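Colleague: Quick one: the structure is below, questions incoming.
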Amino acid sequence: MKLPFRKDWPGILPSGERLYAIGDIHGRLDLAEALVEKIEADNAKRGSARTRIILLGDLIDRGPDSAGVVEYARRWNADFAEIEALLGNHEASLLAVLKGETRWLESWLGYGGRETLLSYGMPGDLLWRGSMAEIAEGVRAYVPDAHKIWLEDRPLSLQHGGYLFAHAGIRPGRKLDDQEAKDLLWIRSEFLDSDADHGAVVVHGHSITPQPEDRHNRIGIDTGAYFSNTLTALGLEGGERWFIQSRGEPVS
């Protein structure tokens with residue numbers, strides 16, 4: 001789906017660069033692999049460019065294969081594009097638990113952590129009948145150190161040309177270089193409802209909408225893959241932008 005070119009559009013990429021941003025995957029490795037195939041085909045049709053793919057965070061939780069998604073991104077070997085992955089609030093919650101901040105554990109389990117731990121091989125009996133202390137110990141035992149280290153290295157935001165990429169968004173009125181982690185990971189209405197010029201077009205996930213949102217100051221591409229079975233990517237080159245989606249079957 002190609003979007004119209006706007007003369008007043010502040011989002012411009014430098015010449016020779018092409019970029020694809022992928023919204024919240026949430027354990028749907030099937031949709032991610034299918035979308036990357038579509039991106040590769042789209043990229044080939046557009047001719048030579050330096051191509052990047054940015055994952056907007058929330059690779060994990062809720063869907064059935066969070067461990068597989070992390071491994072797929074960590075071991076990226078497709079030669080048509082570089083890949084960069086941002087930290088999402090769900091990864092931040094897992095990292096907090098891994099660091100021993102057990103106050104996060106119960107809430108994280110309730111919004112997708114159990115599915116993530118099952119994908120890492122934690123027994124269901126432990127997840128549903130174990131104490132919080134036992135589960136916390138299990139998290140550290142079942143999540144590989146390599147995944148923990150990789151997630152700890154994820155940036156909170158990236159800027160390319162006239163675009164800023166952040167998982168949740170930014171705090172309006174604050175300089176882009178002065179944004180705080182809690183806003184980049186968690187912000188909603190203050191950002192979503194703002195008409196302010198942020199100094200860059202913010203590309204984000206985190207807040208689910210049935211279709212991508214294309215506003216003058218932000219583009220939201222979280223289409224709820226884990227329950228809608230639709231994963232969305234935004235393509236960018238020069239002053240052009242377009243959407244690509246992969247659709248799949250419901251998973252149990």
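Naming scheme: A, B, ... for chains in displayed order of the structure tokens; residues 1 onward per chain; ligands 1 onward as shown.
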For A:Val36, work out the shell of residues within 10 Å, counting only C-alpha atoms and skipping chain neighbours fewer than 4 positions away, then give it as a VMD selection string.
Modeller: chain A and resid 20 22 31 to 32 40 to 42 53 78 233 244 to 246
Colleague: Report as a VMD selection string all protein, DNA and RNA residues lying within 12 Å of A:Gly173, evaluated on only C-alpha atoms, omitting residues in the same chain fewer than 5 positions from it.
Modeller: chain A and resid 178 to 179 190 to 191 194 to 199
Colleague: With C-alpha atoms retained, export the selected residues as a PDB file, in the first residue's frame.
Modeller:
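Final file, out27.pdb:
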```pdb
ATOM      1  CA  ASP A 178      16.674  14.304  26.212  1.00  0.00           C
ATOM      2  CA  GLN A 179      13.948  11.645  26.084  1.00  0.00           C
ATOM      3  CA  GLU A 190       0.316  12.184  25.870  1.00  0.00           C
ATOM      4  CA  PHE A 191       2.183  11.219  22.718  1.00  0.00           C
ATOM      5  CA  SER A 194      -0.246  15.355  20.499  1.00  0.00           C
ATOM      6  CA  ASP A 195      -0.282  17.450  17.323  1.00  0.00           C
ATOM      7  CA  ALA A 196       3.121  18.953  18.119  1.00  0.00           C
ATOM      8  CA  ASP A 197       5.995  19.046  15.669  1.00  0.00           C
ATOM      9  CA  HIS A 198       8.510  16.706  17.302  1.00  0.00           C
ATOM     10  CA  GLY A 199      11.418  17.710  15.093  1.00  0.00           C
TER      11      GLY A 199
END
```
Colleague: So how many Å separate atom CA of A:Asp24 and atom CA of A:Gly224, to one decimal?
Modeller: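 Here the two named atoms are 7.3 Å from each other.
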Colleague: Report, in Å with one decimal, the straight-line distance from atom CA of A:His206 to atom CA of A:Gly238.
Modeller: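 Distance reported for this atom pair: 25.5 Å.
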Colleague: Tell me, as a VMD selection string, which residues lie within 12 Å of A:Leu176, counting only C-alpha atoms; anything in the same chain fewer than 6 positions away does not count.
Modeller: chain A and resid 156 to 159 162 to 166 169 to 170 183 to 184 197 to 202
